[in-house]
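The next block is input.cif, given as mmCIF, C-alpha atoms.
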data_structure
#
loop_
_atom_site.group_PDB
_atom_site.id
_atom_site.type_symbol
_atom_site.label_atom_id
_atom_site.label_comp_id
_atom_site.auth_asym_id
_atom_site.auth_seq_id
_atom_site.Cartn_x
_atom_site.Cartn_y
_atom_site.Cartn_z
ATOM 1 C CA MET A 179 3.313 10.363 -13.530
ATOM 2 C CA LEU A 180 -0.378 9.867 -12.908
ATOM 3 C CA MET A 181 -1.347 9.919 -9.266
ATOM 4 C CA ALA A 182 -4.083 7.829 -7.694
ATOM 5 C CA HIS A 183 -6.954 9.618 -5.995
ATOM 6 C CA PRO A 184 -6.455 9.878 -2.211
ATOM 7 C CA ALA A 185 -9.677 7.918 -1.598
ATOM 8 C CA VAL A 186 -8.304 5.031 -3.676
ATOM 9 C CA LEU A 187 -5.007 5.064 -1.797
ATOM 10 C CA THR A 188 -6.783 5.197 1.563
ATOM 11 C CA ASN A 189 -8.917 2.223 0.585
ATOM 12 C CA LEU A 190 -5.914 0.222 -0.610
ATOM 13 C CA LEU A 191 -3.954 0.998 2.557
ATOM 14 C CA GLU A 192 -6.885 -0.101 4.724
ATOM 15 C CA GLN A 193 -7.344 -3.303 2.706
ATOM 16 C CA TYR A 194 -3.655 -4.138 2.903
ATOM 17 C CA GLU A 195 -3.513 -3.603 6.668
ATOM 18 C CA THR A 196 -6.633 -5.729 7.221
ATOM 19 C CA LEU A 197 -5.300 -8.508 4.999
ATOM 20 C CA ARG A 198 -1.902 -8.371 6.722
ATOM 21 C CA ILE A 199 -3.606 -8.962 10.070
ATOM 22 C CA LEU A 200 -5.761 -11.771 8.650
ATOM 23 C CA HIS A 201 -2.714 -13.402 7.088
ATOM 24 C CA ALA A 202 -0.856 -13.255 10.401
ATOM 25 C CA GLU A 203 -3.818 -14.917 12.114
ATOM 26 C CA ASP A 204 -4.671 -17.723 9.709
ATOM 27 C CA GLY A 205 -2.234 -17.565 6.767
ATOM 28 C CA SER A 206 -4.699 -18.996 4.255
ATOM 29 C CA PRO A 207 -3.706 -19.077 0.574
ATOM 30 C CA GLU A 208 -6.821 -17.079 -0.309
ATOM 31 C CA VAL A 209 -5.874 -14.223 2.039
ATOM 32 C CA ARG A 210 -2.286 -14.323 0.742
ATOM 33 C CA ARG A 211 -3.480 -14.096 -2.886
ATOM 34 C CA ARG A 212 -5.713 -11.123 -2.082
ATOM 35 C CA MET A 213 -2.878 -9.477 -0.157
ATOM 36 C CA ASP A 214 -0.559 -9.946 -3.155
ATOM 37 C CA ASP A 215 -3.214 -8.401 -5.438
ATOM 38 C CA VAL A 216 -3.604 -5.346 -3.200
ATOM 39 C CA ALA A 217 0.186 -5.023 -2.880
ATOM 40 C CA TYR A 218 0.536 -5.097 -6.673
ATOM 41 C CA THR A 219 -2.186 -2.458 -7.046
ATOM 42 C CA LEU A 220 -0.481 -0.252 -4.459
ATOM 43 C CA CYS A 221 2.818 -0.557 -6.315
ATOM 44 C CA VAL A 222 1.212 0.336 -9.651
ATOM 45 C CA SER A 223 -0.754 3.191 -8.068
ATOM 46 C CA THR A 224 2.367 4.716 -6.525
ATOM 47 C CA GLY A 225 4.889 3.942 -9.271
ATOM 48 C CA THR A 226 6.997 1.755 -6.980
ATOM 49 C CA ARG A 227 8.345 -1.793 -7.183
ATOM 50 C CA ASP A 228 8.002 -3.202 -3.681
ATOM 51 C CA ILE A 229 5.283 -3.070 -1.065
ATOM 52 C CA GLU A 230 7.275 -1.314 1.652
ATOM 53 C CA THR A 231 8.105 1.578 -0.671
ATOM 54 C CA ALA A 232 4.533 1.597 -1.972
ATOM 55 C CA LEU A 233 3.148 1.905 1.557
ATOM 56 C CA VAL A 234 5.404 4.871 2.320
ATOM 57 C CA ALA A 235 4.631 6.529 -1.020
ATOM 58 C CA ALA A 236 0.870 6.035 -0.632
ATOM 59 C CA ARG A 237 0.871 7.539 2.849
ATOM 60 C CA HIS A 238 3.033 10.397 1.607
ATOM 61 C CA GLN A 239 0.469 11.218 -1.108
ATOM 62 C CA LEU A 240 -2.487 11.453 1.275
ATOM 63 C CA PRO A 241 -3.850 14.837 2.314
ATOM 64 C CA GLY A 242 -2.198 16.052 5.485
ATOM 65 C CA ALA A 243 1.030 14.150 4.856
ATOM 66 C CA ARG A 244 4.159 16.087 5.656
ATOM 67 C CA THR A 245 5.648 16.820 2.258
ATOM 68 C CA GLU A 246 8.763 18.569 3.549
ATOM 69 C CA ASP A 247 10.603 15.305 4.184
ATOM 70 C CA ASP A 248 10.727 12.795 1.345
ATOM 71 C CA SER A 249 13.906 11.095 2.563
ATOM 72 C CA LEU A 250 12.028 7.810 3.028
ATOM 73 C CA LEU A 251 11.051 7.650 -0.623
ATOM 74 C CA ILE A 252 13.298 5.799 -3.012
ATOM 75 C CA ALA A 253 13.448 7.285 -6.485
#
Using structure tokens, write down the structure from this file.
Amino acid sequence: MLMAHPAVLTNLLEQYETLRILHAEDGSPEVRRRMDDVAYTLCVSTGTRDIETALVAARHQLPGARTEDDSLLIA
């Protein structure tokens, strides 16, 4: 499987977190659409099918992540 560059994953994680906060504050359709786009990109970038798994997988792939324990990842 191809793996996304850590800088790309970091950027996507930051975007998703920012959009999640914005959506919680105002819930606009525009923010929701952008959040869905970033979630989709995270899923594709990590080879996962849902955002929660994608978030865990993306964080797991970043430098400094503890690679000894992958019990949170769903195959």
Residues matched by the PyMOL selection byres ((chain A and resi 188-194) around 9), written as a ChimeraX atom specification: /A:183-187,195-199,212-214,216-217,219-220,233,236-237,240
Give the padded box for region 236-242 of chain A as JSON: axis-aligned, covering all atoms listed in the file, 8 Å on each side, centre and edge lengths in Å to one decimal.
{"center_x": -0.4, "center_y": 11.0, "center_z": 2.2, "size_x": 22.9, "size_y": 26.0, "size_z": 22.6}
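Note that CA of Val209 (chain A) and CA of His238 (chain A) are 26.2 Å apart.
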